[in-house]
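The data block below is query-v8.cif; it holds mmCIF, C-alpha atoms and all ligand atoms.
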data_protein
#
loop_
_atom_site.group_PDB
_atom_site.id
_atom_site.type_symbol
_atom_site.label_atom_id
_atom_site.label_comp_id
_atom_site.auth_asym_id
_atom_site.auth_seq_id
_atom_site.Cartn_x
_atom_site.Cartn_y
_atom_site.Cartn_z
ATOM 1 C CA PRO A 185 5.012 -6.825 -25.185
ATOM 2 C CA ARG A 186 2.801 -7.431 -22.188
ATOM 3 C CA HIS A 187 3.252 -10.031 -19.430
ATOM 4 C CA TRP A 188 0.612 -12.596 -18.496
ATOM 5 C CA ALA A 189 0.668 -15.113 -15.654
ATOM 6 C CA VAL A 190 -0.560 -18.654 -16.268
ATOM 7 C CA VAL A 191 -1.142 -20.732 -13.141
ATOM 8 C CA PRO A 192 -1.820 -24.472 -13.485
ATOM 9 C CA ALA A 193 -3.824 -25.443 -10.395
ATOM 10 C CA ALA A 194 -5.749 -28.455 -11.635
ATOM 11 C CA GLY A 195 -3.662 -31.174 -10.000
ATOM 12 C CA ALA A 196 -5.173 -33.620 -7.544
ATOM 13 C CA GLY A 197 -1.988 -33.747 -5.439
ATOM 14 C CA ARG A 198 -1.812 -37.547 -5.260
ATOM 15 C CA ARG A 199 1.725 -37.622 -3.798
ATOM 16 C CA PHE A 200 0.580 -35.285 -1.032
ATOM 17 C CA GLY A 201 -2.590 -37.219 -0.222
ATOM 18 C CA GLY A 202 -5.583 -36.036 1.830
ATOM 19 C CA PRO A 203 -9.056 -34.889 0.752
ATOM 20 C CA VAL A 204 -8.138 -31.244 0.038
ATOM 21 C CA PRO A 205 -5.701 -30.610 -2.891
ATOM 22 C CA LYS A 206 -2.407 -29.149 -1.653
ATOM 23 C CA GLN A 207 -2.972 -25.772 -3.363
ATOM 24 C CA TYR A 208 -5.917 -25.148 -0.999
ATOM 25 C CA LEU A 209 -4.256 -26.081 2.287
ATOM 26 C CA GLU A 210 -3.958 -23.362 4.914
ATOM 27 C CA LEU A 211 -0.627 -21.597 5.280
ATOM 28 C CA CYS A 212 -0.039 -18.509 7.452
ATOM 29 C CA GLY A 213 -3.706 -17.487 7.448
ATOM 30 C CA ARG A 214 -4.308 -17.901 3.706
ATOM 31 C CA CYS A 215 -4.330 -20.896 1.410
ATOM 32 C CA VAL A 216 -1.340 -21.970 -0.691
ATOM 33 C CA ILE A 217 -2.707 -20.671 -4.000
ATOM 34 C CA GLU A 218 -3.608 -17.285 -2.505
ATOM 35 C CA HIS A 219 0.054 -16.774 -1.632
ATOM 36 C CA SER A 220 1.171 -17.923 -5.104
ATOM 37 C CA LEU A 221 -1.251 -15.545 -6.835
ATOM 38 C CA ALA A 222 -0.587 -12.570 -4.541
ATOM 39 C CA THR A 223 3.004 -12.074 -5.718
ATOM 40 C CA LEU A 224 1.962 -12.356 -9.373
ATOM 41 C CA LEU A 225 -1.109 -10.097 -9.168
ATOM 42 C CA GLU A 226 0.650 -7.430 -7.097
ATOM 43 C CA HIS A 227 3.462 -7.058 -9.645
ATOM 44 C CA PRO A 228 2.939 -3.937 -11.810
ATOM 45 C CA ALA A 229 4.287 -5.641 -14.970
ATOM 46 C CA ILE A 230 1.703 -8.459 -14.869
ATOM 47 C CA ASP A 231 -1.379 -7.583 -16.955
ATOM 48 C CA GLY A 232 -3.569 -10.529 -15.986
ATOM 49 C CA CYS A 233 -3.679 -14.150 -14.993
ATOM 50 C CA VAL A 234 -5.211 -17.311 -16.435
ATOM 51 C CA LEU A 235 -5.852 -20.043 -13.915
ATOM 52 C CA ALA A 236 -6.446 -23.712 -14.841
ATOM 53 C CA LEU A 237 -8.790 -25.477 -12.417
ATOM 54 C CA SER A 238 -10.052 -29.035 -12.188
ATOM 55 C CA ALA A 239 -13.707 -29.711 -13.016
ATOM 56 C CA GLU A 240 -14.024 -31.177 -9.505
ATOM 57 C CA ASP A 241 -12.679 -28.003 -7.867
ATOM 58 C CA GLU A 242 -14.923 -26.930 -4.990
ATOM 59 C CA TRP A 243 -12.424 -24.701 -3.180
ATOM 60 C CA TRP A 244 -11.520 -21.865 -5.572
ATOM 61 C CA ALA A 245 -14.852 -20.103 -4.991
ATOM 62 C CA GLU A 246 -13.891 -19.669 -1.308
ATOM 63 C CA THR A 247 -10.594 -17.875 -2.007
ATOM 64 C CA VAL A 248 -9.998 -14.124 -1.848
ATOM 65 C CA TYR A 249 -9.346 -14.003 -5.609
ATOM 66 C CA ALA A 250 -12.526 -15.882 -6.638
ATOM 67 C CA SER A 251 -14.010 -12.818 -8.347
ATOM 68 C CA HIS A 252 -10.816 -10.866 -9.029
ATOM 69 C CA PRO A 253 -11.224 -9.015 -12.370
ATOM 70 C CA ALA A 254 -7.684 -9.869 -13.562
ATOM 71 C CA VAL A 255 -8.102 -13.623 -13.068
ATOM 72 C CA GLN A 256 -9.631 -15.729 -15.851
ATOM 73 C CA ARG A 257 -10.515 -19.365 -15.177
ATOM 74 C CA VAL A 258 -10.161 -22.243 -17.635
ATOM 75 C CA ALA A 259 -10.611 -26.000 -17.305
ATOM 76 C CA GLY A 260 -7.487 -27.992 -16.518
ATOM 77 C CA GLY A 261 -6.329 -31.058 -18.443
ATOM 78 C CA THR A 262 -5.084 -34.567 -17.716
ATOM 79 C CA GLU A 263 -1.426 -33.546 -17.352
ATOM 80 C CA ARG A 264 0.076 -30.274 -16.159
ATOM 81 C CA SER A 265 1.094 -29.474 -19.765
ATOM 82 C CA ASP A 266 -2.541 -29.923 -20.884
ATOM 83 C CA SER A 267 -3.663 -27.463 -18.209
ATOM 84 C CA VAL A 268 -1.076 -24.927 -19.392
ATOM 85 C CA ALA A 269 -2.081 -25.479 -23.040
ATOM 86 C CA ASN A 270 -5.745 -24.798 -22.191
ATOM 87 C CA ALA A 271 -4.774 -21.544 -20.464
ATOM 88 C CA LEU A 272 -2.687 -20.451 -23.458
ATOM 89 C CA GLU A 273 -5.576 -21.098 -25.806
ATOM 90 C CA ALA A 274 -7.819 -18.812 -23.752
ATOM 91 C CA LEU A 275 -5.074 -16.186 -23.556
ATOM 92 C CA SER A 276 -4.618 -16.216 -27.348
ATOM 93 C CA GLU A 277 -8.094 -14.712 -27.726
ATOM 94 C CA TYR A 278 -6.835 -11.340 -26.497
ATOM 95 C CA ALA A 279 -3.045 -11.484 -26.059
ATOM 96 C CA ASP A 280 -0.388 -11.050 -28.750
ATOM 97 C CA GLU A 281 1.760 -14.034 -29.678
ATOM 98 C CA HIS A 282 4.872 -12.013 -28.793
ATOM 99 C CA ASP A 283 3.575 -11.266 -25.293
ATOM 100 C CA TRP A 284 5.386 -12.981 -22.418
ATOM 101 C CA VAL A 285 3.661 -15.775 -20.544
ATOM 102 C CA LEU A 286 4.939 -16.524 -17.050
ATOM 103 C CA VAL A 287 3.869 -20.030 -16.033
ATOM 104 C CA HIS A 288 3.879 -20.519 -12.265
ATOM 105 C CA ASP A 289 2.869 -23.590 -10.251
ATOM 106 C CA ALA A 290 -0.023 -22.922 -7.881
ATOM 107 C CA ALA A 291 1.893 -25.109 -5.426
ATOM 108 C CA ARG A 292 4.807 -22.620 -5.071
ATOM 109 C CA PRO A 293 3.510 -20.133 -2.477
ATOM 110 C CA CYS A 294 6.888 -18.651 -1.463
ATOM 111 C CA LEU A 295 7.540 -16.774 -4.714
ATOM 112 C CA THR A 296 8.914 -13.312 -3.925
ATOM 113 C CA ARG A 297 8.807 -9.969 -5.701
ATOM 114 C CA PHE A 298 12.618 -10.202 -5.855
ATOM 115 C CA ASP A 299 12.517 -13.414 -7.934
ATOM 116 C CA LEU A 300 9.797 -12.078 -10.220
ATOM 117 C CA ASP A 301 11.767 -8.856 -10.831
ATOM 118 C CA ARG A 302 14.871 -10.862 -11.719
ATOM 119 C CA LEU A 303 13.003 -13.114 -14.124
ATOM 120 C CA ILE A 304 11.231 -10.255 -15.907
ATOM 121 C CA ALA A 305 14.504 -8.301 -16.165
ATOM 122 C CA ALA A 306 16.096 -11.306 -17.929
ATOM 123 C CA LEU A 307 13.523 -11.344 -20.744
ATOM 124 C CA GLY A 308 14.889 -9.726 -23.878
ATOM 125 C CA ASP A 309 13.404 -9.249 -27.322
ATOM 126 C CA GLY A 310 13.345 -12.441 -29.358
ATOM 127 C CA SER A 311 14.743 -14.464 -26.494
ATOM 128 C CA ALA A 312 14.007 -18.166 -26.020
ATOM 129 C CA GLY A 313 12.663 -17.292 -22.600
ATOM 130 C CA ALA A 314 13.940 -17.770 -19.073
ATOM 131 C CA LEU A 315 13.225 -19.741 -15.937
ATOM 132 C CA LEU A 316 13.981 -19.392 -12.262
ATOM 133 C CA ALA A 317 16.394 -22.112 -11.193
ATOM 134 C CA VAL A 318 18.696 -23.051 -8.327
ATOM 135 C CA GLN A 319 22.105 -24.676 -8.665
ATOM 136 C CA VAL A 320 22.463 -28.187 -7.279
ATOM 137 C CA HIS A 321 24.794 -28.477 -4.283
ATOM 138 C CA ASP A 322 24.287 -32.151 -3.443
ATOM 139 C CA THR A 323 26.206 -34.893 -5.201
ATOM 140 C CA VAL A 324 23.827 -36.500 -7.666
ATOM 141 C CA LYS A 325 23.740 -40.256 -8.350
ATOM 142 C CA VAL A 326 22.057 -42.101 -11.190
ATOM 143 C CA ALA A 327 20.519 -45.450 -10.222
ATOM 144 C CA ASP A 328 20.464 -48.301 -12.670
ATOM 145 C CA ALA A 329 17.042 -48.835 -14.188
ATOM 146 C CA ALA A 330 16.719 -52.526 -13.364
ATOM 147 C CA SER A 331 17.378 -52.369 -9.597
ATOM 148 C CA GLY A 332 16.125 -48.821 -9.029
ATOM 149 C CA ASP A 333 18.469 -48.338 -6.059
ATOM 150 C CA ARG A 334 21.931 -49.498 -7.146
ATOM 151 C CA VAL A 335 24.304 -46.658 -8.106
ATOM 152 C CA LEU A 336 25.140 -46.660 -11.789
ATOM 153 C CA ARG A 337 27.280 -43.516 -11.745
ATOM 154 C CA THR A 338 27.768 -40.039 -10.296
ATOM 155 C CA VAL A 339 26.840 -36.986 -12.363
ATOM 156 C CA PRO A 340 29.165 -33.958 -12.239
ATOM 157 C CA ARG A 341 27.062 -31.283 -10.533
ATOM 158 C CA GLU A 342 28.728 -28.086 -11.835
ATOM 159 C CA GLN A 343 26.225 -27.808 -14.692
ATOM 160 C CA LEU A 344 23.148 -29.014 -12.811
ATOM 161 C CA TRP A 345 20.262 -26.713 -11.866
ATOM 162 C CA ARG A 346 16.847 -27.402 -10.346
ATOM 163 C CA ALA A 347 14.106 -25.922 -12.546
ATOM 164 C CA TYR A 348 11.647 -23.730 -10.579
ATOM 165 C CA THR A 349 8.806 -21.505 -11.693
ATOM 166 C CA PRO A 350 7.818 -18.992 -12.985
ATOM 167 C CA GLN A 351 9.161 -19.900 -16.422
ATOM 168 C CA ALA A 352 8.597 -17.228 -19.085
ATOM 169 C CA PHE A 353 8.295 -17.629 -22.847
ATOM 170 C CA PRO A 354 6.658 -15.792 -25.751
ATOM 171 C CA LEU A 355 3.015 -16.936 -25.981
ATOM 172 C CA GLY A 356 3.254 -18.148 -29.606
ATOM 173 C CA THR A 357 6.477 -20.092 -29.023
ATOM 174 C CA LEU A 358 5.134 -21.847 -25.931
ATOM 175 C CA ARG A 359 1.886 -22.782 -27.700
ATOM 176 C CA ARG A 360 3.836 -24.342 -30.572
ATOM 177 C CA ALA A 361 6.236 -26.079 -28.187
ATOM 178 C CA LEU A 362 3.465 -27.688 -26.103
ATOM 179 C CA ALA A 363 1.513 -28.755 -29.212
ATOM 180 C CA ARG A 364 4.629 -30.403 -30.641
ATOM 181 C CA ALA A 365 5.458 -32.186 -27.372
ATOM 182 C CA ARG A 366 1.885 -33.492 -27.235
ATOM 183 C CA ASP A 367 1.973 -34.692 -30.859
ATOM 184 C CA GLN A 368 5.247 -36.508 -30.222
ATOM 185 C CA GLY A 369 3.915 -38.053 -27.040
ATOM 186 C CA SER A 370 6.865 -36.799 -24.978
ATOM 187 C CA ALA A 371 6.188 -36.567 -21.263
ATOM 188 C CA ILE A 372 7.313 -33.146 -20.030
ATOM 189 C CA THR A 373 7.339 -31.970 -16.429
ATOM 190 C CA ASP A 374 8.000 -28.283 -17.052
ATOM 191 C CA ASP A 375 7.415 -25.789 -19.856
ATOM 192 C CA ALA A 376 11.107 -25.216 -20.573
ATOM 193 C CA SER A 377 11.436 -28.894 -21.618
ATOM 194 C CA ALA A 378 8.940 -28.313 -24.418
ATOM 195 C CA ILE A 379 10.846 -25.192 -25.524
ATOM 196 C CA GLU A 380 14.131 -27.146 -25.471
ATOM 197 C CA GLN A 381 12.597 -29.768 -27.754
ATOM 198 C CA LEU A 382 12.175 -27.008 -30.354
ATOM 199 C CA GLY A 383 15.960 -26.596 -30.243
ATOM 200 C CA LEU A 384 15.757 -23.342 -28.253
ATOM 201 C CA ARG A 385 17.833 -22.663 -25.139
ATOM 202 C CA PRO A 386 16.087 -20.756 -22.367
ATOM 203 C CA LEU A 387 18.099 -18.739 -19.865
ATOM 204 C CA LEU A 388 18.614 -20.007 -16.306
ATOM 205 C CA VAL A 389 17.925 -17.178 -13.853
ATOM 206 C CA SER A 390 19.387 -17.861 -10.425
ATOM 207 C CA GLY A 391 16.459 -17.673 -8.014
ATOM 208 C CA ARG A 392 15.867 -17.988 -4.265
ATOM 209 C CA SER A 393 16.000 -21.536 -2.956
ATOM 210 C CA ASP A 394 12.964 -20.931 -0.710
ATOM 211 C CA ASN A 395 10.628 -20.924 -3.774
ATOM 212 C CA LEU A 396 9.845 -24.598 -3.121
ATOM 213 C CA LYS A 397 7.017 -26.623 -4.590
ATOM 214 C CA ILE A 398 4.673 -28.137 -2.020
ATOM 215 C CA THR A 399 4.838 -31.837 -2.888
ATOM 216 C CA ARG A 400 4.874 -33.842 0.357
ATOM 217 C CA PRO A 401 3.265 -33.099 3.750
ATOM 218 C CA GLU A 402 6.641 -32.112 5.264
ATOM 219 C CA ASP A 403 6.946 -29.270 2.723
ATOM 220 C CA LEU A 404 4.076 -27.349 4.338
ATOM 221 C CA PRO A 405 5.818 -26.411 7.640
ATOM 222 C CA LEU A 406 8.909 -25.541 5.598
ATOM 223 C CA ALA A 407 6.886 -23.162 3.415
ATOM 224 C CA GLN A 408 5.334 -21.662 6.564
ATOM 225 C CA PHE A 409 8.805 -20.992 7.971
ATOM 226 C CA PHE A 410 9.971 -19.356 4.713
ATOM 227 C CA LEU A 411 6.869 -17.141 4.490
ATOM 228 C CA GLU A 412 7.305 -16.015 8.096
ATOM 229 C CA GLN A 413 10.955 -15.182 7.381
ATOM 230 C CA GLN A 414 9.969 -13.231 4.258
ATOM 231 C CA GLN A 415 7.367 -11.219 6.173
ATOM 232 C CA GLU A 416 9.924 -10.040 8.748
HETATM 233 O O1 LIG A 501 2.042 -32.443 -9.653
HETATM 234 P P1 LIG A 501 2.924 -31.238 -9.628
HETATM 235 O O2 LIG A 501 3.280 -30.812 -8.239
HETATM 236 O O3 LIG A 501 4.119 -31.335 -10.527
HETATM 237 O O4 LIG A 501 2.024 -30.073 -10.235
HETATM 238 C C1 LIG A 501 2.535 -28.777 -10.464
HETATM 239 C C2 LIG A 501 1.388 -27.818 -10.692
HETATM 240 O O5 LIG A 501 0.635 -28.198 -11.843
HETATM 241 C C3 LIG A 501 0.392 -27.796 -9.517
HETATM 242 O O6 LIG A 501 0.111 -26.429 -9.228
HETATM 243 C C4 LIG A 501 -0.799 -28.563 -10.045
HETATM 244 O O7 LIG A 501 -2.031 -28.123 -9.502
HETATM 245 C C5 LIG A 501 -0.750 -28.289 -11.540
HETATM 246 N N1 LIG A 501 -1.387 -29.351 -12.365
HETATM 247 C C6 LIG A 501 -2.389 -29.006 -13.277
HETATM 248 N N2 LIG A 501 -2.997 -29.976 -14.032
HETATM 249 C C7 LIG A 501 -2.640 -31.274 -13.919
HETATM 250 C C8 LIG A 501 -1.606 -31.639 -13.000
HETATM 251 C C9 LIG A 501 -0.985 -30.653 -12.252
HETATM 252 O O8 LIG A 501 -2.741 -27.828 -13.388
HETATM 253 N N3 LIG A 501 -3.268 -32.182 -14.653
#
Could I get this file's structure written as structure tokens?
Amino acid sequence: PRHWAVVPAAGAGRRFGGPVPKQYLELCGRCVIEHSLATLLEHPAIDGCVLALSAEDEWWAETVYASHPAVQRVAGGTERSDSVANALEALSEYADEHDWVLVHDAARPCLTRFDLDRLIAALGDGSAGALLAVQVHDTVKVADAASGDRVLRTVPREQLWRAYTPQAFPLGTLRRALARARDQGSAITDDASAIEQLGLRPLLVSGRSDNLKITRPEDLPLAQFFLEQQQE
């Protein structure tokens, strides 16, 4: 099977704020999404990439990958999962349903070749897929729903992981999983959740903790630091 990258980049970045969506902010001489795409497109196992963009996007055309032959553009959707579903539909026109799809957030610019190699190496035939993840080292509290800030209990952290991207699944399985999640109206924040709802159990692949998602303004200098460290 082949490997395809799917990059949802149609978010408005409301938590981040500002007029320019976070995936187009400048970082070490390039914009966030250019870093995210570089690692994917430079990997020899990746055959192509489908990118979901907002209809209001006026920044993609200015990037270095705007007319890259291996990048196909599709329209994004209301939620991240809708953007991914649109990309998968486009991909299904020429990819096999057993091909691997690696979904990676445009807002994770610090992805390394090392992490991508590890993820791809973890994909076996007929597997339920795999995702990059990082074990939780903080003590995790659950707040009670009514107050929002009163501790209800403490969760044992030994089994807790933070889900990162890329997350890789067979194209056909992920299409079915996202369609089912949409039909059932379940709000999902990553692709693995949809796969789990099919009763499948993706593999957690221990990844680098510097593969952060740019969410708040303070994440940008952090990402800059990590990229500078990686380039040394
Ligand atoms: O909002 P969040 O940071 O979780 O978004 C993760 C990724 O999904 C971002 O790269 C964002 O651009 C993308 N996204 C999308 N379509 C949406 C919402 C988010 O492609 N409707």
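When all atoms listed in the file are used to compute distances to Pro386 (chain A), the closest of the residues A:Ser370, A:Thr357, A:Gln414, A:Thr296 turns out to be A:Thr357.
Residue nearest ligand LIG 501 (chain A), chosen from A:Gly232, A:Pro253, A:Pro293, A:Gly202 and counting only C-alpha atoms and all ligand atoms: A:Pro293.
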How would you report the residues lying within 10 Å of ligand LIG 501 (chain A), as a PDB file with C-alpha atoms, in the coordinates of the input, if you count only C-alpha atoms and all ligand atoms?
ATOM      1  CA  VAL A 190      -0.560 -18.654 -16.268  1.00  0.00           C
ATOM      2  CA  VAL A 191      -1.142 -20.732 -13.141  1.00  0.00           C
ATOM      3  CA  PRO A 192      -1.820 -24.472 -13.485  1.00  0.00           C
ATOM      4  CA  ALA A 193      -3.824 -25.443 -10.395  1.00  0.00           C
ATOM      5  CA  ALA A 194      -5.749 -28.455 -11.635  1.00  0.00           C
ATOM      6  CA  GLY A 195      -3.662 -31.174 -10.000  1.00  0.00           C
ATOM      7  CA  ALA A 196      -5.173 -33.620  -7.544  1.00  0.00           C
ATOM      8  CA  GLY A 197      -1.988 -33.747  -5.439  1.00  0.00           C
ATOM      9  CA  ARG A 198      -1.812 -37.547  -5.260  1.00  0.00           C
ATOM     10  CA  ARG A 199       1.725 -37.622  -3.798  1.00  0.00           C
ATOM     11  CA  PHE A 200       0.580 -35.285  -1.032  1.00  0.00           C
ATOM     12  CA  PRO A 205      -5.701 -30.610  -2.891  1.00  0.00           C
ATOM     13  CA  LYS A 206      -2.407 -29.149  -1.653  1.00  0.00           C
ATOM     14  CA  GLN A 207      -2.972 -25.772  -3.363  1.00  0.00           C
ATOM     15  CA  TYR A 208      -5.917 -25.148  -0.999  1.00  0.00           C
ATOM     16  CA  VAL A 216      -1.340 -21.970  -0.691  1.00  0.00           C
ATOM     17  CA  ILE A 217      -2.707 -20.671  -4.000  1.00  0.00           C
ATOM     18  CA  SER A 220       1.171 -17.923  -5.104  1.00  0.00           C
ATOM     19  CA  LEU A 235      -5.852 -20.043 -13.915  1.00  0.00           C
ATOM     20  CA  ALA A 236      -6.446 -23.712 -14.841  1.00  0.00           C
ATOM     21  CA  LEU A 237      -8.790 -25.477 -12.417  1.00  0.00           C
ATOM     22  CA  SER A 238     -10.052 -29.035 -12.188  1.00  0.00           C
ATOM     23  CA  ALA A 259     -10.611 -26.000 -17.305  1.00  0.00           C
ATOM     24  CA  GLY A 260      -7.487 -27.992 -16.518  1.00  0.00           C
ATOM     25  CA  GLY A 261      -6.329 -31.058 -18.443  1.00  0.00           C
ATOM     26  CA  THR A 262      -5.084 -34.567 -17.716  1.00  0.00           C
ATOM     27  CA  GLU A 263      -1.426 -33.546 -17.352  1.00  0.00           C
ATOM     28  CA  ARG A 264       0.076 -30.274 -16.159  1.00  0.00           C
ATOM     29  CA  SER A 265       1.094 -29.474 -19.765  1.00  0.00           C
ATOM     30  CA  ASP A 266      -2.541 -29.923 -20.884  1.00  0.00           C
ATOM     31  CA  SER A 267      -3.663 -27.463 -18.209  1.00  0.00           C
ATOM     32  CA  VAL A 268      -1.076 -24.927 -19.392  1.00  0.00           C
ATOM     33  CA  ALA A 269      -2.081 -25.479 -23.040  1.00  0.00           C
ATOM     34  CA  ASN A 270      -5.745 -24.798 -22.191  1.00  0.00           C
ATOM     35  CA  ALA A 271      -4.774 -21.544 -20.464  1.00  0.00           C
ATOM     36  CA  VAL A 287       3.869 -20.030 -16.033  1.00  0.00           C
ATOM     37  CA  HIS A 288       3.879 -20.519 -12.265  1.00  0.00           C
ATOM     38  CA  ASP A 289       2.869 -23.590 -10.251  1.00  0.00           C
ATOM     39  CA  ALA A 290      -0.023 -22.922  -7.881  1.00  0.00           C
ATOM     40  CA  ALA A 291       1.893 -25.109  -5.426  1.00  0.00           C
ATOM     41  CA  ARG A 292       4.807 -22.620  -5.071  1.00  0.00           C
ATOM     42  CA  PRO A 293       3.510 -20.133  -2.477  1.00  0.00           C
ATOM     43  CA  THR A 349       8.806 -21.505 -11.693  1.00  0.00           C
ATOM     44  CA  THR A 373       7.339 -31.970 -16.429  1.00  0.00           C
ATOM     45  CA  ASP A 374       8.000 -28.283 -17.052  1.00  0.00           C
ATOM     46  CA  LYS A 397       7.017 -26.623  -4.590  1.00  0.00           C
ATOM     47  CA  ILE A 398       4.673 -28.137  -2.020  1.00  0.00           C
ATOM     48  CA  THR A 399       4.838 -31.837  -2.888  1.00  0.00           C
ATOM     49  CA  ARG A 400       4.874 -33.842   0.357  1.00  0.00           C
TER      50      ARG A 400
END
Return as a PyMOL selection string the set of residues that the PyMOL selection byres (((chain A and resi 304) around 12) and not hetatm) yields on the displayed structure. chain A and resi 185-189+224+227-230+284-286+297-303+305-309+311+313-316+350-353+387+389
Rank A:Thr338, A:Arg346, A:Ser393, A:His252 by their smallest atom-to-atom distance to Leu225 (chain A), using all atoms listed in the file, and report the top residue only. A:His252
Just the number, please: distance in Å from CA of Val258 (chain A) to CA of Cys233 (chain A), one decimal.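 Interatomic distance, CA of Val258 (chain A) to CA of Cys233 (chain A): 10.7 Å.
Interatomic distance, CA of Ser390 (chain A) to CA of Ala317 (chain A): 5.3 Å.
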A straight line from CA of Leu344 (chain A) to CA of Val326 (chain A) spans 13.2 Å
Which residues fall under the PyMOL selection byres (((chain A and resi 411) around 9) and not hetatm) in this file, as number ranges by chain? A: 211-212, 293-294, 394, 406-410, 412-416
Just say which residues the PyMOL selection byres (((chain A and resi 337) around 12) and not hetatm) picks in this file, as an mmCIF file with C-alpha atoms, in the frame of the given file.
data_model
loop_
_atom_site.group_PDB
_atom_site.id
_atom_site.type_symbol
_atom_site.label_atom_id
_atom_site.label_comp_id
_atom_site.auth_asym_id
_atom_site.auth_seq_id
_atom_site.Cartn_x
_atom_site.Cartn_y
_atom_site.Cartn_z
ATOM 1 C CA THR A 323 26.206 -34.893 -5.201
ATOM 2 C CA VAL A 324 23.827 -36.500 -7.666
ATOM 3 C CA LYS A 325 23.740 -40.256 -8.350
ATOM 4 C CA VAL A 326 22.057 -42.101 -11.190
ATOM 5 C CA ALA A 327 20.519 -45.450 -10.222
ATOM 6 C CA ASP A 328 20.464 -48.301 -12.670
ATOM 7 C CA ALA A 329 17.042 -48.835 -14.188
ATOM 8 C CA ASP A 333 18.469 -48.338 -6.059
ATOM 9 C CA ARG A 334 21.931 -49.498 -7.146
ATOM 10 C CA VAL A 335 24.304 -46.658 -8.106
ATOM 11 C CA LEU A 336 25.140 -46.660 -11.789
ATOM 12 C CA THR A 338 27.768 -40.039 -10.296
ATOM 13 C CA VAL A 339 26.840 -36.986 -12.363
ATOM 14 C CA PRO A 340 29.165 -33.958 -12.239
#
Select all residues near (-8.9, -17.5, -5.9) (cut-off 10 Å, inclusive, file coordinates), counting all atoms listed in the file, and output them as an MDAnalysis selection string. chainID A and resid 208 215 217:219 221:222 235 243:252 255 257
Please write out, as JSON, where the centre of an axis-aligned box around all listed atoms of region 224-237 of chain A lies and how long its edges are, in Å to one decimal, after adding 5 Å on each side.
{"center_x": -2.3, "center_y": -14.7, "center_z": -12.0, "size_x": 23.1, "size_y": 31.5, "size_z": 19.9}
Ranking A:Leu382, A:Leu295, A:Leu355, A:Ala239 by minimum distance to Glu273 (chain A) and counting all atoms listed in the file, which one comes first? A:Leu355
Closest of A:Asp280, A:Glu240, A:Leu396, A:Leu272 to Ala347 (chain A) - atom-to-atom distances counting all atoms listed in the file: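 Once distances to Ala347 (chain A) are computed over all atoms listed in the file, the minimum belongs to A:Leu396.
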Nearest to Ala378 (chain A) among A:Asp283, A:Arg214, A:Leu362, A:Gly391, with distances taken over only C-alpha atoms: which residue is it?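 Answer, going by the shortest atom-to-atom distance: A:Leu362.
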Counting only C-alpha atoms, what is within 6 Å of Ala361 (chain A), bar same-chain residues fewer than 2 positions away, as a VMD selection string? chain A and resid 358 to 359 363 to 364 378 to 379
